[in-house]
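*Asks:* Once you've had a glance at the structure underneath, I'll fire off some questions.
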Amino acid sequence: MALGWGRAGSRALSTTTNITKVGVCGLGLMGHGIAQLSAAAGYQVVALDPSPAALDAGRARIVASLRKTLEKKAAKDPSLQVAEEEAAIMGRLSFVNDMADLGDCDLVVEAIKEDLDLKKSFYQELGGIAKPECILASNTSSLPITAMGVASNRPELFLGVHFFNPVQLMKLVEVVRTDSTAPEVFDTCTAWVRSLGKTPVSCKDTPGFIVNRLLVPYLVQAILMVERGDATIPDVDVSMQLGAGHPMGPLHLADYVGLDTMLSIMEGWSAAHPSEATFVVPRLLAAKVASGHLGRKTG
């Protein structure tokens with residue numbers, strides 16, 4: 001295929017959805033979880049990554065995660081046959097390197113590197129491969145859905161489905177519609193999300209959707225407080241833990257998210273929306289990333 005991406009028992013389907021075969025593109029942190037949950041819910045899944053090494057790694061992640069999930073269930077229900085259930089779920093997964101194998105999917109979910117130009121190129125190619133009625137969905141956490149829909153040449157069949165990490169555990173999925181998304185497409189994807197055991201929320205195509213639109217500026221404000229010398233890192237974090245009931249402070253969370261990820265998001269938002277006062281890039285954040293201090297991932 002042309003593109004190489006960065007990293008980045010059956011059941012009766014509900015009458016509210018006509019999705020039976022799901023394609024998942026990119027088997028990294030998010031994609032392998034989406035593929036696993038779709039297969040476990042009874043869908044036939046085409047799991048695609050152009051890199052053979054990434055494809056093998058994604059398969060291994062699914063096997064390990066699925067086995068752990070089934071063993072936990074078996075501890076509560078001794079009648080569950082773990083090996084048989086694992087074989088049935090894995091039997092619904094096809095692992096491929098060629099985009100042509102997505103041709104008969106009803107829904108294709110993209111979970112490749114967070115790079116808008118890369119995603120637009122991907123959708124330009126996929127739009128010519130997927131069958132005319134196939135729904136296309138991006139798992140992006142911050143990039144504009146509308147731009148990708150236009151690139152696909154089927155904007156009425158395009159939307160966002162933003163899962164959270166780890167996919168297998170986090171219950172929320174933001175279902176993001178554009179001005180062009182057909183209502184029945186939105187309803188179909190919302191029903192699919194529910195069929196995976198997730199809680200869908202609806203959002204327009206706004207920067208960061210709901211969660212990140214609220215979360216990222218909050219984290220940035222915490223960094224700005226430290227940058228100005230208003231408070232220390234420990235005092236900012238403990239204040240939000242004990243004063244607001246948050247499980248971790250904003251600076252601890254920023255380290256967990258990744259300072260490079262934070263910087264990339266805020267630089268993109270501030271460039272695209274220069275009049276939005278909350279979209280600012282702290283000098284401290286840029287300096288940390290420039291010096292190689294990215295948070296938890298670098299220690």
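Going by the structure tokens order, chains are called A, B, ..., each with residues numbered from 1, while ligands are numbered from 1 in the order shown.
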Which residues come within 10 Å of Met30 in chain A, counting only C-alpha atoms, excluding same-chain residues fewer than 3 positions away, as an NGL selection string?
*Replies:* :A and (8 or 24 or 26-27 or 33-35 or 58 or 110-112 or 139-140 or 162-168)
*Asks:* The selected residues should be written to file as a compact mmCIF listing (two decimals), in the first residue's frame (atoms: all heavy atoms).
*Replies:*
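Below is the file that was written, again-v4.txt:
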```txt
# COMPACT_ATOMS: atom_id res chain seq x y z
N ALA A 8 1.97 7.30 17.04
CA ALA A 8 0.79 7.13 17.20
C ALA A 8 0.54 5.95 18.14
O ALA A 8 -0.17 5.82 19.12
CB ALA A 8 -0.82 7.66 17.01
N VAL A 24 -10.32 -1.44 11.50
CA VAL A 24 -9.58 -0.58 12.43
C VAL A 24 -8.19 -0.37 11.85
O VAL A 24 -7.46 -1.34 11.59
CB VAL A 24 -9.48 -1.21 13.83
CG1 VAL A 24 -8.67 -0.29 14.76
CG2 VAL A 24 -10.88 -1.45 14.41
N GLY A 26 -4.46 1.10 12.17
CA GLY A 26 -3.48 1.48 13.17
C GLY A 26 -3.69 0.67 14.43
O GLY A 26 -4.73 0.78 15.08
N LEU A 27 -2.75 -0.20 14.77
CA LEU A 27 -2.92 -1.10 15.92
C LEU A 27 -2.01 -0.73 17.08
O LEU A 27 -1.46 -1.58 17.76
CB LEU A 27 -2.66 -2.56 15.49
CG LEU A 27 -3.72 -3.18 14.60
CD1 LEU A 27 -3.45 -4.67 14.42
CD2 LEU A 27 -5.12 -2.96 15.12
N GLY A 33 -7.09 -1.64 21.07
CA GLY A 33 -8.21 -1.74 22.00
C GLY A 33 -9.56 -1.67 21.29
O GLY A 33 -10.49 -2.40 21.63
N ILE A 34 -9.67 -0.79 20.30
CA ILE A 34 -10.92 -0.67 19.53
C ILE A 34 -11.19 -1.96 18.77
O ILE A 34 -12.32 -2.45 18.72
CB ILE A 34 -10.84 0.54 18.57
CG1 ILE A 34 -10.68 1.84 19.37
CG2 ILE A 34 -12.09 0.60 17.69
CD1 ILE A 34 -10.34 3.05 18.52
N ALA A 35 -10.15 -2.54 18.19
CA ALA A 35 -10.29 -3.80 17.46
C ALA A 35 -10.73 -4.92 18.41
O ALA A 35 -11.62 -5.71 18.10
CB ALA A 35 -8.98 -4.17 16.77
N GLY A 58 0.51 -5.34 17.61
CA GLY A 58 -0.90 -5.11 17.91
C GLY A 58 -1.63 -6.39 18.21
O GLY A 58 -2.45 -6.46 19.15
N GLU A 110 -10.23 4.96 12.14
CA GLU A 110 -8.80 5.27 11.97
C GLU A 110 -8.20 5.67 13.32
O GLU A 110 -8.75 6.51 14.03
CB GLU A 110 -8.66 6.39 10.93
CG GLU A 110 -7.32 7.08 10.91
CD GLU A 110 -7.31 8.32 11.80
OE1 GLU A 110 -8.24 9.13 11.67
OE2 GLU A 110 -6.39 8.43 12.63
N ALA A 111 -7.05 5.07 13.63
CA ALA A 111 -6.34 5.40 14.88
C ALA A 111 -4.84 5.48 14.59
O ALA A 111 -4.03 4.84 15.24
CB ALA A 111 -6.63 4.35 15.94
N ILE A 112 -4.47 6.27 13.58
CA ILE A 112 -3.07 6.42 13.21
C ILE A 112 -2.51 7.67 13.87
O ILE A 112 -3.17 8.34 14.67
CB ILE A 112 -2.89 6.45 11.68
CG1 ILE A 112 -3.52 7.69 11.05
CG2 ILE A 112 -3.48 5.18 11.06
CD1 ILE A 112 -3.26 7.82 9.55
N ASN A 139 -10.46 8.48 15.30
CA ASN A 139 -10.31 8.45 16.75
C ASN A 139 -9.44 9.61 17.25
O ASN A 139 -9.00 9.61 18.39
CB ASN A 139 -9.68 7.12 17.18
CG ASN A 139 -9.50 7.01 18.68
OD1 ASN A 139 -10.46 7.12 19.44
ND2 ASN A 139 -8.27 6.83 19.14
N THR A 140 -9.21 10.62 16.42
CA THR A 140 -8.39 11.75 16.84
C THR A 140 -8.91 12.36 18.14
O THR A 140 -10.12 12.37 18.40
CB THR A 140 -8.34 12.84 15.76
OG1 THR A 140 -7.48 13.88 16.20
CG2 THR A 140 -9.72 13.41 15.48
N HIS A 162 -14.06 9.41 19.47
CA HIS A 162 -12.87 9.56 20.29
C HIS A 162 -12.97 8.69 21.53
O HIS A 162 -13.70 9.00 22.48
CB HIS A 162 -12.69 11.03 20.70
CG HIS A 162 -11.52 11.26 21.60
ND1 HIS A 162 -11.53 12.15 22.63
CD2 HIS A 162 -10.29 10.65 21.64
CE1 HIS A 162 -10.37 12.12 23.27
NE2 HIS A 162 -9.61 11.20 22.69
N PHE A 163 -12.23 7.58 21.52
CA PHE A 163 -12.10 6.70 22.68
C PHE A 163 -11.02 7.25 23.60
O PHE A 163 -10.18 8.05 23.20
CB PHE A 163 -11.72 5.28 22.24
CG PHE A 163 -12.80 4.52 21.54
CD1 PHE A 163 -13.13 4.80 20.22
CD2 PHE A 163 -13.49 3.51 22.19
CE1 PHE A 163 -14.12 4.09 19.56
CE2 PHE A 163 -14.49 2.78 21.54
CZ PHE A 163 -14.80 3.08 20.23
N PHE A 164 -11.04 6.78 24.84
CA PHE A 164 -10.05 7.22 25.82
C PHE A 164 -9.18 6.05 26.25
O PHE A 164 -9.58 4.89 26.16
CB PHE A 164 -10.75 7.86 27.03
CG PHE A 164 -11.38 9.19 26.70
CD1 PHE A 164 -12.60 9.24 26.03
CD2 PHE A 164 -10.75 10.37 27.00
CE1 PHE A 164 -13.17 10.45 25.67
CE2 PHE A 164 -11.30 11.59 26.66
CZ PHE A 164 -12.53 11.63 26.00
N ASN A 165 -7.97 6.38 26.70
CA ASN A 165 -6.96 5.38 27.05
C ASN A 165 -6.98 5.06 28.55
O ASN A 165 -6.98 5.99 29.37
CB ASN A 165 -5.59 5.92 26.65
CG ASN A 165 -4.46 4.96 26.95
OD1 ASN A 165 -4.58 3.77 26.74
ND2 ASN A 165 -3.36 5.49 27.45
N PRO A 166 -6.99 3.76 28.91
CA PRO A 166 -7.00 2.57 28.05
C PRO A 166 -8.41 2.27 27.53
O PRO A 166 -9.39 2.33 28.28
CB PRO A 166 -6.51 1.46 28.98
CG PRO A 166 -6.91 1.91 30.35
CD PRO A 166 -6.83 3.41 30.34
N VAL A 167 -8.48 1.97 26.25
CA VAL A 167 -9.77 1.76 25.57
C VAL A 167 -10.60 0.69 26.26
O VAL A 167 -11.82 0.81 26.40
CB VAL A 167 -9.53 1.38 24.10
CG1 VAL A 167 -10.84 1.00 23.41
CG2 VAL A 167 -8.87 2.55 23.37
N GLN A 168 -9.94 -0.39 26.70
CA GLN A 168 -10.68 -1.51 27.28
C GLN A 168 -11.38 -1.12 28.59
O GLN A 168 -12.38 -1.75 28.95
CB GLN A 168 -9.73 -2.69 27.53
CG GLN A 168 -9.19 -3.33 26.27
CD GLN A 168 -7.88 -2.70 25.79
OE1 GLN A 168 -7.60 -1.54 26.09
NE2 GLN A 168 -7.09 -3.45 25.05
```
*Asks:* Name the residues of range 30-178 of chain A that fall into alpha helix (DSSP H) according to DSSP on the backbone, using the chain letters and numbers of this document, as a ChimeraX atom specification.
*Replies:* /A:31-40,52-76,82-90,116-127,145-152
*Asks:* Within 6 Å of Lys120 in chain A, counting only C-alpha atoms, which residues show up once you throw out same-chain ones fewer than 2 positions away? Write them as a PyMOL selection string, please.
*Replies:* chain A and resi 117-118+122-123+148+151
*Asks:* My list of candidates is A:Thr278, A:Ser138, A:Gln81, A:Thr178. Which is closest to Thr206 in chain A when distances are computed with only C-alpha atoms?
*Replies:*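 Once distances to Thr206 in chain A are computed over only C-alpha atoms, the minimum belongs to A:Thr178.
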*Asks:* Considering only C-alpha atoms, state which residue in the set A:Ala287, A:Ala272, A:Leu107, A:Cys189 is at the smallest distance from Leu143 in chain A.
*Replies:*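 Looking only at the distances to Leu143 in chain A, the closest residue turns out to be A:Ala272.
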